[in-house]
$ cat structure.txt   # compact mmCIF, C-alpha atoms
# COMPACT_ATOMS: atom_id res chain seq x y z
CA MET A 1 -4.68 -3.29 25.51
CA CYS A 2 -1.65 -3.33 27.78
CA GLY A 3 1.25 -1.07 26.92
CA MET A 4 -0.91 1.29 24.89
CA GLU A 5 0.29 4.86 24.42
CA PHE A 6 -1.83 7.98 24.45
CA ARG A 7 -1.95 9.85 21.15
CA ASP A 8 -2.24 13.62 21.19
CA TYR A 9 -4.25 14.10 18.02
CA TYR A 10 -4.07 17.88 18.28
CA LYS A 11 -0.30 17.72 18.42
CA VAL A 12 -0.19 15.33 15.46
CA LEU A 13 -2.05 17.86 13.32
CA GLY A 14 -0.29 20.82 14.92
CA VAL A 15 -3.46 22.60 16.03
CA GLU A 16 -4.72 24.00 19.33
CA ARG A 17 -7.42 22.16 21.26
CA SER A 18 -9.66 25.12 20.52
CA ALA A 19 -9.14 24.85 16.74
CA THR A 20 -12.20 25.18 14.53
CA ALA A 21 -13.30 22.47 12.12
CA ASP A 22 -11.93 24.55 9.23
CA GLN A 23 -8.56 24.98 10.95
CA ILE A 24 -8.36 21.24 11.54
CA LYS A 25 -9.22 20.51 7.93
CA THR A 26 -6.66 23.03 6.66
CA ALA A 27 -3.94 21.61 8.92
CA TYR A 28 -4.70 18.08 7.79
CA ARG A 29 -4.67 19.00 4.09
CA ARG A 30 -1.40 20.92 4.49
CA LEU A 31 0.31 18.00 6.20
CA ALA A 32 -1.28 15.49 3.84
CA ARG A 33 0.31 17.24 0.85
CA LYS A 34 3.68 16.85 2.55
CA TYR A 35 3.38 13.29 3.80
CA HIS A 36 0.95 11.56 1.43
CA PRO A 37 2.70 8.29 0.53
CA ASP A 38 1.75 8.66 -3.14
CA VAL A 39 3.58 11.98 -3.49
CA SER A 40 6.03 12.28 -0.61
CA LYS A 41 9.69 11.39 -0.56
CA GLU A 42 9.98 11.87 3.19
CA LYS A 43 11.50 8.79 4.78
CA ASP A 44 8.77 8.25 7.35
CA ALA A 45 5.95 9.52 5.15
CA GLU A 46 3.73 6.46 5.41
CA ALA A 47 3.91 6.25 9.21
CA ARG A 48 3.35 9.99 9.62
CA PHE A 49 0.44 9.93 7.20
CA LYS A 50 -1.26 7.10 9.10
CA GLU A 51 -0.92 9.08 12.32
CA MET A 52 -2.43 12.12 10.63
CA GLN A 53 -5.29 10.14 9.15
CA GLU A 54 -6.09 8.69 12.54
CA ALA A 55 -5.98 12.12 14.17
CA TYR A 56 -8.15 13.63 11.44
CA GLU A 57 -10.62 10.75 11.62
CA VAL A 58 -11.27 11.71 15.23
CA LEU A 59 -11.01 15.50 15.15
CA LYS A 60 -13.13 16.03 12.03
CA ASP A 61 -16.05 14.17 13.60
CA PRO A 62 -17.76 16.32 16.26
CA GLU A 63 -18.95 13.29 18.24
CA LYS A 64 -15.60 11.52 18.21
CA ARG A 65 -13.81 14.77 18.98
CA ALA A 66 -16.09 15.44 21.94
CA ALA A 67 -15.51 11.91 23.24
CA TYR A 68 -11.76 12.31 22.81
CA ASN A 69 -11.84 15.67 24.60
CA GLU A 70 -13.54 13.98 27.55
CA LEU A 71 -10.22 12.31 28.28
CA GLY A 72 -8.95 15.72 29.34
CA SER A 73 -5.95 17.80 28.38
CA ASP A 74 -3.49 16.45 30.94
CA TRP A 75 -2.42 13.49 28.84
CA LYS A 76 0.92 13.67 27.11
CA ASN A 77 1.74 12.12 23.75
CA GLY A 78 3.26 8.66 24.31
CA GLN A 79 2.10 8.40 27.92
CA GLN A 80 0.86 4.94 28.99
CA PHE A 81 -2.90 4.90 28.53
CA ARG A 82 -5.90 2.82 29.52
CA PRO A 83 -9.50 3.84 28.71
CA PRO A 84 -11.39 5.17 31.75
CA PRO A 85 -13.63 2.62 33.53
CA GLY A 86 -16.99 2.29 31.81
CA TRP A 87 -15.79 3.90 28.57
CA ASP A 88 -17.26 1.22 26.24
CA ALA A 89 -20.67 1.34 27.84
CA ALA A 90 -20.76 5.11 27.97
CA HIS A 91 -19.92 5.52 24.30
CA ALA A 92 -21.62 2.54 22.70
CA GLN A 93 -24.72 4.57 21.97
CA ALA A 94 -22.69 7.09 20.04
CA GLY A 95 -22.03 4.39 17.47
CA TYR A 96 -18.48 3.61 18.47
CA ALA A 97 -19.05 0.09 19.66
CA ARG A 98 -17.01 -2.44 17.80
CA ARG A 99 -18.69 -3.76 14.72
CA GLY A 100 -18.36 -7.07 13.02
CA ARG A 101 -16.99 -7.40 9.54
CA ALA A 102 -18.90 -5.17 7.21
CA ARG A 103 -19.43 -7.80 4.57
CA GLY A 104 -19.19 -11.51 4.13
CA ALA A 105 -15.90 -11.51 2.33
CA PRO A 106 -12.83 -13.50 3.29
CA ALA A 107 -11.41 -13.11 6.71
CA GLY A 108 -8.24 -14.30 8.30
CA GLY A 109 -5.01 -15.22 6.61
CA ALA A 110 -1.91 -13.26 7.41
CA GLY A 111 -2.18 -9.66 6.40
CA GLU A 112 -5.44 -9.73 4.46
CA THR A 113 -7.40 -6.61 5.23
CA PHE A 114 -10.13 -4.53 3.70
CA THR A 115 -8.87 -1.13 4.73
CA ASP A 116 -5.96 0.88 3.44
CA GLU A 117 -5.07 2.05 6.87
CA GLN A 118 -4.54 0.31 10.17
CA PHE A 119 -5.34 2.54 13.11
CA SER A 120 -3.60 2.24 16.45
CA ASP A 121 -4.67 0.25 19.49
CA PHE A 122 -5.31 3.60 21.13
CA PHE A 123 -7.89 4.49 18.47
CA SER A 124 -9.47 1.03 18.63
CA SER A 125 -9.70 1.16 22.42
CA LEU A 126 -11.67 4.40 22.20
CA PHE A 127 -13.78 3.99 19.12
CA GLY A 128 -13.64 0.33 18.09
CA ALA A 129 -11.67 -1.27 15.30
CA GLU A 130 -14.34 -0.68 12.66
CA ALA A 131 -15.38 2.81 13.72
CA ARG A 132 -13.87 4.45 10.66
CA HIS A 133 -16.61 2.88 8.59
CA ALA A 134 -19.39 3.94 10.94
CA GLY A 135 -22.07 5.86 9.13
CA GLY A 136 -20.75 4.90 5.71
CA ALA A 137 -22.77 3.34 2.98
CA PRO A 138 -23.63 -0.28 3.57
CA ARG A 139 -21.01 -2.44 1.87
CA ALA A 140 -22.77 -5.76 1.81
CA ARG A 141 -24.80 -6.65 -1.24
CA ALA A 142 -26.27 -10.08 -1.79
CA GLY A 143 -24.79 -12.17 -4.58
CA ARG A 144 -21.83 -9.90 -5.14
CA ASP A 145 -18.22 -10.56 -5.96
CA HIS A 146 -15.92 -10.40 -2.98
CA HIS A 147 -12.74 -8.39 -2.60
CA ALA A 148 -9.79 -8.80 -0.31
CA ARG A 149 -6.23 -7.61 -0.09
CA VAL A 150 -3.37 -10.07 0.05
CA GLU A 151 -0.01 -9.07 1.45
CA LEU A 152 3.06 -10.64 -0.12
CA ASP A 153 6.73 -10.06 0.39
CA LEU A 154 8.92 -9.46 -2.64
CA PRO A 155 10.42 -12.97 -2.88
CA GLU A 156 6.88 -14.40 -2.81
CA ALA A 157 5.84 -12.09 -5.64
CA PHE A 158 8.92 -13.18 -7.60
CA ARG A 159 8.48 -16.92 -7.29
CA GLY A 160 4.73 -17.19 -6.61
CA THR A 161 3.28 -18.46 -3.38
CA THR A 162 0.29 -20.02 -1.67
CA ARG A 163 -2.05 -18.27 0.73
CA THR A 164 -4.69 -19.75 2.98
CA LEU A 165 -7.88 -17.73 3.16
CA GLU A 166 -10.96 -18.23 5.24
CA LEU A 167 -14.09 -17.30 3.33
CA ARG A 168 -17.22 -16.61 5.33
CA HIS A 169 -20.74 -16.17 4.09
CA PRO A 170 -24.22 -16.47 5.59
CA GLU A 171 -26.20 -19.51 4.48
CA LEU A 172 -29.95 -19.92 4.73
CA LYS A 173 -30.98 -22.97 6.74
CA PRO A 174 -34.21 -24.97 6.13
CA ASP A 175 -35.82 -23.41 9.20
CA GLY A 176 -35.37 -19.93 7.67
CA THR A 177 -32.57 -18.82 9.93
CA THR A 178 -29.08 -18.07 8.64
CA GLU A 179 -25.83 -19.65 9.68
CA LEU A 180 -22.38 -18.24 9.06
CA ARG A 181 -20.42 -20.82 7.13
CA ALA A 182 -16.68 -20.73 6.68
CA ARG A 183 -14.57 -22.33 4.00
CA THR A 184 -10.83 -22.51 4.12
CA VAL A 185 -9.20 -22.38 0.71
CA ARG A 186 -5.63 -22.41 -0.40
CA VAL A 187 -4.85 -20.08 -3.26
CA ASN A 188 -1.89 -20.36 -5.59
CA ILE A 189 -0.66 -16.86 -6.36
CA PRO A 190 1.12 -16.91 -9.73
CA VAL A 191 4.70 -15.73 -10.21
CA GLY A 192 5.40 -12.12 -11.03
CA VAL A 193 2.38 -10.36 -9.60
CA THR A 194 2.99 -6.66 -9.06
CA GLU A 195 1.80 -4.04 -6.62
CA GLY A 196 -1.88 -3.23 -7.00
CA GLN A 197 -2.54 -6.05 -9.46
CA LEU A 198 -5.76 -8.02 -9.29
CA VAL A 199 -6.03 -11.78 -9.26
CA ARG A 200 -9.39 -13.40 -9.80
CA LEU A 201 -10.71 -16.62 -8.30
CA ALA A 202 -13.67 -17.53 -10.42
CA GLY A 203 -16.75 -18.65 -8.51
CA GLN A 204 -15.26 -18.06 -5.07
CA GLY A 205 -17.33 -15.02 -4.20
CA GLU A 206 -20.70 -15.04 -2.52
CA PRO A 207 -22.93 -17.95 -3.54
CA ALA A 208 -25.96 -16.83 -5.48
CA ALA A 209 -29.43 -17.30 -4.12
CA GLY A 210 -31.13 -20.09 -6.05
CA GLN A 211 -29.43 -21.58 -9.07
CA GLY A 212 -27.43 -18.57 -10.23
CA ALA A 213 -23.66 -18.59 -10.55
CA ALA A 214 -21.58 -17.62 -7.56
CA GLY A 215 -19.62 -14.38 -7.65
CA ASP A 216 -15.88 -14.15 -8.06
CA LEU A 217 -13.27 -13.40 -5.45
CA TYR A 218 -10.84 -10.63 -6.33
CA LEU A 219 -7.57 -10.41 -4.46
CA GLU A 220 -5.66 -7.18 -4.70
CA VAL A 221 -1.95 -7.70 -4.32
CA HIS A 222 0.03 -5.56 -1.95
CA ILE A 223 3.78 -6.11 -1.84
CA GLN A 224 5.41 -5.20 1.44
CA PRO A 225 8.55 -3.04 1.39
CA ASP A 226 11.72 -5.11 1.19
CA ALA A 227 14.82 -4.39 3.26
CA GLN A 228 17.16 -4.99 0.33
CA TYR A 229 15.25 -4.22 -2.86
CA GLN A 230 13.19 -1.19 -3.84
CA LEU A 231 10.31 -2.06 -6.13
CA ASP A 232 9.02 0.18 -8.92
CA GLY A 233 6.53 -1.59 -11.16
CA ARG A 234 8.37 -4.72 -12.21
CA ASP A 235 11.80 -3.12 -11.76
CA VAL A 236 13.86 -3.51 -8.61
CA THR A 237 16.79 -1.47 -7.37
CA VAL A 238 19.46 -2.70 -4.99
CA SER A 239 22.20 -0.66 -3.35
CA PHE A 240 25.61 -2.29 -3.81
CA ALA A 241 28.81 -1.33 -1.98
CA ILE A 242 32.13 -1.34 -3.86
CA ALA A 243 35.71 -0.35 -3.06
CA PRO A 244 37.30 2.73 -4.65
CA TRP A 245 39.67 0.62 -6.76
CA GLU A 246 36.74 -1.44 -8.06
CA ALA A 247 35.08 1.79 -9.15
CA ALA A 248 38.25 3.24 -10.64
CA LEU A 249 39.66 0.16 -12.35
CA GLY A 250 36.52 -1.88 -12.98
CA ALA A 251 35.83 -5.27 -11.47
CA ALA A 252 33.81 -8.44 -11.83
CA VAL A 253 31.52 -8.75 -8.81
CA THR A 254 28.74 -11.03 -7.61
CA VAL A 255 25.46 -9.19 -7.17
CA PRO A 256 22.32 -10.46 -5.40
CA THR A 257 19.17 -10.69 -7.50
CA LEU A 258 15.72 -12.04 -6.69
CA GLY A 259 16.59 -15.16 -8.68
CA GLY A 260 19.97 -15.67 -6.99
CA PRO A 261 23.47 -14.20 -7.28
CA VAL A 262 24.79 -13.23 -10.73
CA GLN A 263 28.13 -11.99 -12.02
CA MET A 264 28.26 -8.38 -13.12
CA GLN A 265 31.06 -6.27 -14.61
CA ILE A 266 31.61 -2.87 -13.07
CA PRO A 267 33.05 -0.60 -15.78
CA ALA A 268 36.27 1.30 -15.05
CA GLY A 269 35.58 4.86 -13.92
CA ALA A 270 32.27 4.05 -12.22
CA GLN A 271 30.98 6.58 -9.71
CA SER A 272 29.09 6.33 -6.46
CA GLY A 273 25.33 6.62 -7.12
CA GLN A 274 25.62 5.33 -10.67
CA LYS A 275 23.07 2.70 -11.65
CA LEU A 276 23.85 -0.37 -13.70
CA ARG A 277 21.04 -2.34 -15.29
CA LEU A 278 20.64 -6.10 -15.24
CA ARG A 279 18.04 -6.59 -17.92
CA GLY A 280 15.19 -8.97 -17.12
CA ARG A 281 16.27 -9.55 -13.52
CA GLY A 282 13.28 -7.81 -11.94
CA LEU A 283 9.86 -9.35 -11.43
CA PRO A 284 8.84 -11.87 -14.12
CA GLY A 285 6.32 -10.76 -16.73
CA GLN A 286 5.85 -9.87 -20.38
CA PRO A 287 8.26 -8.16 -20.45
CA ALA A 288 10.11 -8.97 -17.25
CA GLY A 289 11.34 -6.07 -15.15
CA ASP A 290 14.96 -5.04 -14.81
CA GLN A 291 17.21 -4.89 -11.79
CA TYR A 292 19.12 -1.67 -11.19
CA VAL A 293 22.31 -1.92 -9.17
CA GLN A 294 23.08 1.40 -7.55
CA LEU A 295 26.77 1.65 -6.75
CA LYS A 296 27.90 2.99 -3.43
CA VAL A 297 31.64 3.56 -3.15
CA LEU A 298 32.86 2.98 0.40
CA LEU A 299 36.24 4.32 1.46
CA PRO A 300 38.60 2.20 3.51
CA PRO A 301 39.32 3.89 6.86
CA ALA A 302 42.67 5.61 7.32
CA ASP A 303 43.21 3.75 10.55
CA SER A 304 46.79 2.55 10.17
CA PRO A 305 50.09 4.17 9.18
CA GLN A 306 50.07 2.24 5.90
CA ALA A 307 46.54 3.35 5.03
CA LYS A 308 47.35 6.95 5.88
CA ALA A 309 50.49 6.75 3.75
CA LEU A 310 48.43 5.51 0.80
CA TYR A 311 45.98 8.38 1.13
CA GLU A 312 48.87 10.84 1.42
CA GLU A 313 50.41 9.39 -1.70
CA MET A 314 47.13 9.72 -3.59
CA ARG A 315 46.82 13.32 -2.47
CA ALA A 316 50.33 14.06 -3.65
CA LYS A 317 50.21 12.24 -6.96
CA LEU A 318 46.64 12.35 -8.24
CA ASN A 319 46.09 16.10 -8.36
CA PHE A 320 42.36 15.47 -7.81
CA ASN A 321 39.82 18.09 -6.77
CA PRO A 322 36.36 16.48 -6.45
CA ARG A 323 34.69 19.90 -6.35
CA ALA A 324 36.20 20.85 -9.69
CA THR A 325 34.55 17.97 -11.58
CA MET B 326 -19.97 -21.83 12.77
CA ALA B 327 -19.66 -24.60 10.20
CA SER B 328 -16.35 -24.95 8.41
CA VAL B 329 -15.27 -26.76 5.27
CA THR B 330 -11.84 -27.09 3.71
CA THR B 331 -11.58 -27.18 -0.07
CA ALA B 332 -8.79 -27.92 -2.48
CA VAL B 333 -6.11 -25.56 -3.72
CA LEU B 334 -7.49 -22.90 -6.05
CA GLU B 335 -5.68 -21.42 -9.01
CA ALA B 336 -5.74 -17.65 -9.19
CA ARG B 337 -5.52 -15.83 -12.48
CA VAL B 338 -3.69 -12.54 -12.71
CA LEU B 339 -5.71 -9.89 -14.50
CA GLY B 340 -3.47 -8.10 -16.95
CA GLU B 341 -3.44 -6.62 -20.45
CA GLY B 342 -6.63 -7.47 -22.30
CA ASP B 343 -8.69 -8.10 -19.16
CA TRP B 344 -11.60 -5.84 -18.37
CA ILE B 345 -13.54 -5.52 -15.15
CA ALA B 346 -16.93 -3.99 -14.52
CA THR B 347 -16.87 -0.31 -13.64
CA THR B 348 -19.18 -1.06 -10.72
CA GLU B 349 -16.53 -3.46 -9.34
CA VAL B 350 -13.85 -0.83 -9.78
CA CYS B 351 -15.96 1.61 -7.79
CA GLU B 352 -15.97 -0.73 -4.83
CA LEU B 353 -12.30 -1.67 -5.15
CA CYS B 354 -11.17 1.95 -5.35
CA ARG B 355 -13.80 3.46 -3.06
CA LEU B 356 -14.93 5.77 -5.85
CA ASP B 357 -18.44 6.48 -6.99
CA LEU B 358 -19.51 5.78 -10.55
CA GLN B 359 -19.54 9.44 -11.49
CA ALA B 360 -15.94 9.89 -10.33
CA VAL B 361 -14.73 6.90 -12.36
CA GLN B 362 -16.52 8.19 -15.42
CA GLU B 363 -15.06 11.66 -14.86
CA LEU B 364 -11.54 10.21 -14.53
CA ALA B 365 -12.12 8.22 -17.71
CA GLY B 366 -13.37 11.36 -19.44
CA LEU B 367 -10.16 13.14 -18.44
CA GLY B 368 -8.15 10.40 -20.11
CA LEU B 369 -6.77 8.72 -16.99
CA ILE B 370 -8.15 5.35 -18.02
CA ALA B 371 -9.83 3.79 -20.99
CA GLN B 372 -13.42 2.70 -20.62
CA ARG B 373 -15.35 0.17 -22.68
CA PRO B 374 -18.74 1.79 -23.15
CA GLY B 375 -21.99 0.40 -21.88
CA VAL B 376 -24.80 1.50 -19.68
CA PRO B 377 -23.47 2.30 -16.17
CA ASP B 378 -24.01 -1.23 -14.86
CA THR B 379 -22.26 -2.90 -17.78
CA SER B 380 -19.40 -0.54 -18.69
CA GLN B 381 -15.89 -1.85 -18.09
CA VAL B 382 -12.37 -0.56 -17.49
CA PRO B 383 -9.02 -2.31 -18.08
CA ALA B 384 -7.86 -4.37 -15.12
CA THR B 385 -4.42 -2.77 -15.48
CA ALA B 386 -5.93 0.64 -14.72
CA LEU B 387 -6.65 -0.29 -11.13
CA PRO B 388 -3.38 0.99 -9.56
CA ARG B 389 -3.80 4.41 -11.27
CA LEU B 390 -7.40 4.64 -10.18
CA ARG B 391 -6.52 3.78 -6.61
CA ILE B 392 -3.87 6.49 -6.47
CA ALA B 393 -6.29 9.00 -8.00
CA SER B 394 -8.89 7.95 -5.45
CA ARG B 395 -6.48 8.43 -2.55
CA LEU B 396 -5.36 11.83 -3.83
CA MET B 397 -8.96 12.98 -4.15
CA ARG B 398 -9.97 11.65 -0.75
CA ASP B 399 -6.87 12.58 1.26
CA LEU B 400 -5.81 15.84 -0.35
CA GLY B 401 -9.23 17.14 -1.29
CA VAL B 402 -8.32 17.67 -4.95
CA ASN B 403 -10.93 17.23 -7.66
CA ALA B 404 -10.69 14.75 -10.53
CA SER B 405 -8.76 17.15 -12.77
CA GLY B 406 -6.26 17.85 -9.99
CA ALA B 407 -5.81 14.15 -9.27
CA VAL B 408 -5.18 13.37 -12.95
CA LEU B 409 -2.70 16.24 -13.24
CA ALA B 410 -0.87 15.15 -10.06
CA LEU B 411 -0.78 11.54 -11.20
CA GLU B 412 0.59 12.41 -14.62
CA LEU B 413 3.25 14.64 -13.08
CA LEU B 414 4.21 11.93 -10.58
CA GLU B 415 4.54 9.40 -13.40
CA ARG B 416 6.58 11.88 -15.43
CA ILE B 417 8.91 12.51 -12.45
CA ARG B 418 9.37 8.79 -11.93
CA HIS B 419 10.12 8.29 -15.62
CA LEU B 420 12.70 11.10 -15.64
CA GLU B 421 14.29 9.83 -12.44
CA ARG B 422 14.60 6.44 -14.04
CA LEU B 423 16.20 7.93 -17.13
CA ALA B 424 18.57 10.03 -15.03
CA GLY B 425 19.66 7.02 -13.04
CA ASP B 426 19.89 4.70 -16.04
CA TYR B 427 23.31 3.56 -17.13
$ encode --input "structure.txt" --output "structure tokens"
Amino acid sequence: MCGMEFRDYYKVLGVERSATADQIKTAYRRLARKYHPDVSKEKDAEARFKEMQEAYEVLKDPEKRAAYNELGSDWKNGQQFRPPPGWDAAHAQAGYARRGRARGAPAGGAGETFTDEQFSDFFSSLFGAEARHAGGAPRARAGRDHHARVELDLPEAFRGTTRTLELRHPELKPDGTTELRARTVRVNIPVGVTEGQLVRLAGQGEPAAGQGAAGDLYLEVHIQPDAQYQLDGRDVTVSFAIAPWEAALGAAVTVPTLGGPVQMQIPAGAQSGQKLRLRGRGLPGQPAGDQYVQLKVLLPPADSPQAKALYEEMRAKLNFNPRAT
Amino acid sequence: MASVTTAVLEARVLGEGDWIATTEVCELCRLDLQAVQELAGLGLIAQRPGVPDTSQVPATALPRLRIASRLMRDLGVNASGAVLALELLERIRHLERLAGDY
């Protein structure tokens, strides 16, 4: 827990420390409408929304809020923080002690989680990593299918990949006690899976008691944002820089795609922001997605006498007013 | 804790034509049965009829249900509001795609 920063949950939600439960709820809902990742186009929407969720998780719960308030009002957002001595012991009875995994589904493997949201180390240090599920309905049910989330990057989704999962489940021993058994399995994820899609591993869920069939394991695919490509369903969009003369006169260029570089013709008269479609170059499927190439015209700098002379000549001869088009 | 390593498993992607139990969907989307049935009643997803424990929904409906679930939980909208928001979001995305299409 070294290097942990204090989080001012009141500041995150923009409310006073004396705010009522209704004021906190209203503030959260107002901000949630603005930053909810499913509706927002704000650049940092997802990060802001996670902060807000964490703040609301604490401030909406009278017990958690009271515990948080015990830290005092002198802390500043971002200040280096360490829980006060004896914090765990003092708050364990309030139900904040760390809990084990809520159900015997797979654990481990890079990025596989059960929750939509990952709360900060600050939250975990105060309330435990599993506190957000405290008081919720019990999630374990004997003989059930299991669910897990698998994180892939875009190239892995395009070409398929393999993931190693550790599956844990309690097993009844002859003496009547139970033992937690773990199995490590390698799973081939097929090509062309998309965000939110389910893959099923038949018979890899919880073993049934007696002679019944074991449950299935469902993996829900989550594709991490890619630095180069934007994903929308099976379609991908890539931003592609071109020179003004390539836009004006047309050009044959080499464009990156998930399957490797391809040649593409830029039509004469292309404009910055225009999208060109490479059919079938998105994620594989029936039908395969498309790749959109969004053109971005970059101007050469006027950083030499020759370059300046060229711009002057264009100004004199082209009679072009971009605000008149 | 005992540990065993098994062979490589083949996963099957659930797509068009695959159905999953509504009760499974409830757990995957953190929705209760009534909410899923209400969303189905509002036309967000198809539902293959059956008694509550045996009814099914298309596997491809999962992403829409998850978004609806998040909107209901995080924004406090009811099922009708979530369906309306989802349909508008999909419409916006479709129009943006058309506007940007060459």
$ residues_around --input "structure.txt" --residues "Asn188 in chain A" --least-positions-apart "2" --cutoff "12 Å" --atoms "all atoms listed in the file" --output "JSON list (two decimals) with C-alpha atoms, in the coordinates of the input"
[["chain", "number", "residue", "atom", "x", "y", "z"],
["A", 150, "VAL", "CA", -3.37, -10.07, 0.05],
["A", 156, "GLU", "CA", 6.88, -14.40, -2.81],
["A", 157, "ALA", "CA", 5.84, -12.09, -5.64],
["A", 159, "ARG", "CA", 8.48, -16.92, -7.29],
["A", 160, "GLY", "CA", 4.73, -17.19, -6.61],
["A", 161, "THR", "CA", 3.28, -18.46, -3.38],
["A", 162, "THR", "CA", 0.29, -20.02, -1.67],
["A", 163, "ARG", "CA", -2.05, -18.27, 0.73],
["A", 164, "THR", "CA", -4.69, -19.75, 2.98],
["A", 165, "LEU", "CA", -7.88, -17.73, 3.16],
["A", 185, "VAL", "CA", -9.20, -22.38, 0.71],
["A", 186, "ARG", "CA", -5.63, -22.41, -0.40],
["A", 190, "PRO", "CA", 1.12, -16.91, -9.73],
["A", 191, "VAL", "CA", 4.70, -15.73, -10.21],
["A", 193, "VAL", "CA", 2.38, -10.36, -9.60],
["A", 199, "VAL", "CA", -6.03, -11.78, -9.26],
["A", 200, "ARG", "CA", -9.39, -13.40, -9.80],
["A", 201, "LEU", "CA", -10.71, -16.62, -8.30],
["A", 219, "LEU", "CA", -7.57, -10.41, -4.46],
["B", 332, "ALA", "CA", -8.79, -27.92, -2.48],
["B", 333, "VAL", "CA", -6.11, -25.56, -3.72],
["B", 334, "LEU", "CA", -7.49, -22.90, -6.05],
["B", 335, "GLU", "CA", -5.68, -21.42, -9.01],
["B", 336, "ALA", "CA", -5.74, -17.65, -9.19],
["B", 337, "ARG", "CA", -5.52, -15.83, -12.48],
["B", 338, "VAL", "CA", -3.69, -12.54, -12.71]]
$ closest_residue --input "structure.txt" --among "B:Glu412, B:Glu421, B:Asp399, B:Asp343" --to "chain A" --atoms "all atoms listed in the file"
B:Asp399
$ residues_around --input "structure.txt" --residues "range 311-313 of chain A" --least-positions-apart "4" --cutoff "8 Å" --atoms "all atoms listed in the file" --output "PDB file with C-alpha atoms, in the frame of the given file"
ATOM      1  CA  ALA A 302      42.670   5.610   7.320  1.00  0.00           C
ATOM      2  CA  ALA A 307      46.540   3.350   5.030  1.00  0.00           C
ATOM      3  CA  LYS A 317      50.210  12.240  -6.960  1.00  0.00           C
TER       4      LYS A 317
END
$ closest_residue --input "structure.txt" --among "B:Val350, B:Leu367, B:Ala386, B:Ile345" --to "Ala404 in chain B" --atoms "all atoms listed in the file"
B:Leu367
$ residues_around --input "structure.txt" --residues "range 352-365 of chain B" --least-positions-apart "2" --cutoff "9 Å" --atoms "only C-alpha atoms" --output "list in words"
Arg139, His147, Ala148 and Glu220 of chain A; Thr347, Thr348, Glu349, Val350, Leu367, Gly368, Leu369, Ile370, Ala371, Gln372, Pro377, Val382, Leu387, Pro388, Leu390, Arg391, Ile392, Ala393, Ser394, Arg395, Ala404, Ser405, Ala407 and Val408 of chain B
$ atom_distance --input "structure.txt" --atom1 "CA of Ser18 in chain A" --atom2 "CA of Glu57 in chain A"
16.9 Å
$ interface_residues --input "structure.txt" --of "chain A" --to "chain B" --cutoff "8 Å" --atoms "all atoms listed in the file" --output "PDB file with C-alpha atoms, in the frame of the given file"
ATOM      1  CA  ARG A  29      -4.670  19.000   4.090  1.00  0.00           C
ATOM      2  CA  ALA A  32      -1.280  15.490   3.840  1.00  0.00           C
ATOM      3  CA  ARG A  33       0.310  17.240   0.850  1.00  0.00           C
ATOM      4  CA  HIS A  36       0.950  11.560   1.430  1.00  0.00           C
ATOM      5  CA  ASP A  38       1.750   8.660  -3.140  1.00  0.00           C
ATOM      6  CA  VAL A  39       3.580  11.980  -3.490  1.00  0.00           C
ATOM      7  CA  HIS A 147     -12.740  -8.390  -2.600  1.00  0.00           C
ATOM      8  CA  GLU A 179     -25.830 -19.650   9.680  1.00  0.00           C
ATOM      9  CA  LEU A 180     -22.380 -18.240   9.060  1.00  0.00           C
ATOM     10  CA  ARG A 181     -20.420 -20.820   7.130  1.00  0.00           C
ATOM     11  CA  ALA A 182     -16.680 -20.730   6.680  1.00  0.00           C
ATOM     12  CA  ARG A 183     -14.570 -22.330   4.000  1.00  0.00           C
ATOM     13  CA  THR A 184     -10.830 -22.510   4.120  1.00  0.00           C
ATOM     14  CA  VAL A 185      -9.200 -22.380   0.710  1.00  0.00           C
ATOM     15  CA  ARG A 186      -5.630 -22.410  -0.400  1.00  0.00           C
ATOM     16  CA  VAL A 187      -4.850 -20.080  -3.260  1.00  0.00           C
ATOM     17  CA  ASN A 188      -1.890 -20.360  -5.590  1.00  0.00           C
ATOM     18  CA  ILE A 189      -0.660 -16.860  -6.360  1.00  0.00           C
ATOM     19  CA  PRO A 190       1.120 -16.910  -9.730  1.00  0.00           C
ATOM     20  CA  VAL A 193       2.380 -10.360  -9.600  1.00  0.00           C
ATOM     21  CA  GLU A 195       1.800  -4.040  -6.620  1.00  0.00           C
ATOM     22  CA  GLY A 196      -1.880  -3.230  -7.000  1.00  0.00           C
ATOM     23  CA  GLN A 197      -2.540  -6.050  -9.460  1.00  0.00           C
ATOM     24  CA  LEU A 198      -5.760  -8.020  -9.290  1.00  0.00           C
ATOM     25  CA  VAL A 199      -6.030 -11.780  -9.260  1.00  0.00           C
ATOM     26  CA  ARG A 200      -9.390 -13.400  -9.800  1.00  0.00           C
ATOM     27  CA  LEU A 201     -10.710 -16.620  -8.300  1.00  0.00           C
ATOM     28  CA  GLN A 274      25.620   5.330 -10.670  1.00  0.00           C
ATOM     29  CA  LYS A 275      23.070   2.700 -11.650  1.00  0.00           C
ATOM     30  CA  LEU A 276      23.850  -0.370 -13.700  1.00  0.00           C
ATOM     31  CA  ARG A 277      21.040  -2.340 -15.290  1.00  0.00           C
TER      32      ARG A 277
END
$ atom_distance --input "structure.txt" --atom1 "CA of Gly269 in chain A" --atom2 "CA of Leu318 in chain A"
14.5 Å
$ atom_distance --input "structure.txt" --atom1 "CA of Val293 in chain A" --atom2 "CA of Gly192 in chain A"
19.8 Å
$ residues_around --input "structure.txt" --residues "range 60-77 of chain A" --least-positions-apart "6" --cutoff "7 Å" --atoms "all atoms listed in the file" --output "list of chain:residue names"
A:Phe6, A:Arg7, A:Asp8, A:Ala21
$ closest_residue --input "structure.txt" --among "A:Glu166, A:Asp145, A:Asp235, A:Asp153" --to "Leu217 in chain A" --atoms "all atoms listed in the file"
A:Asp145
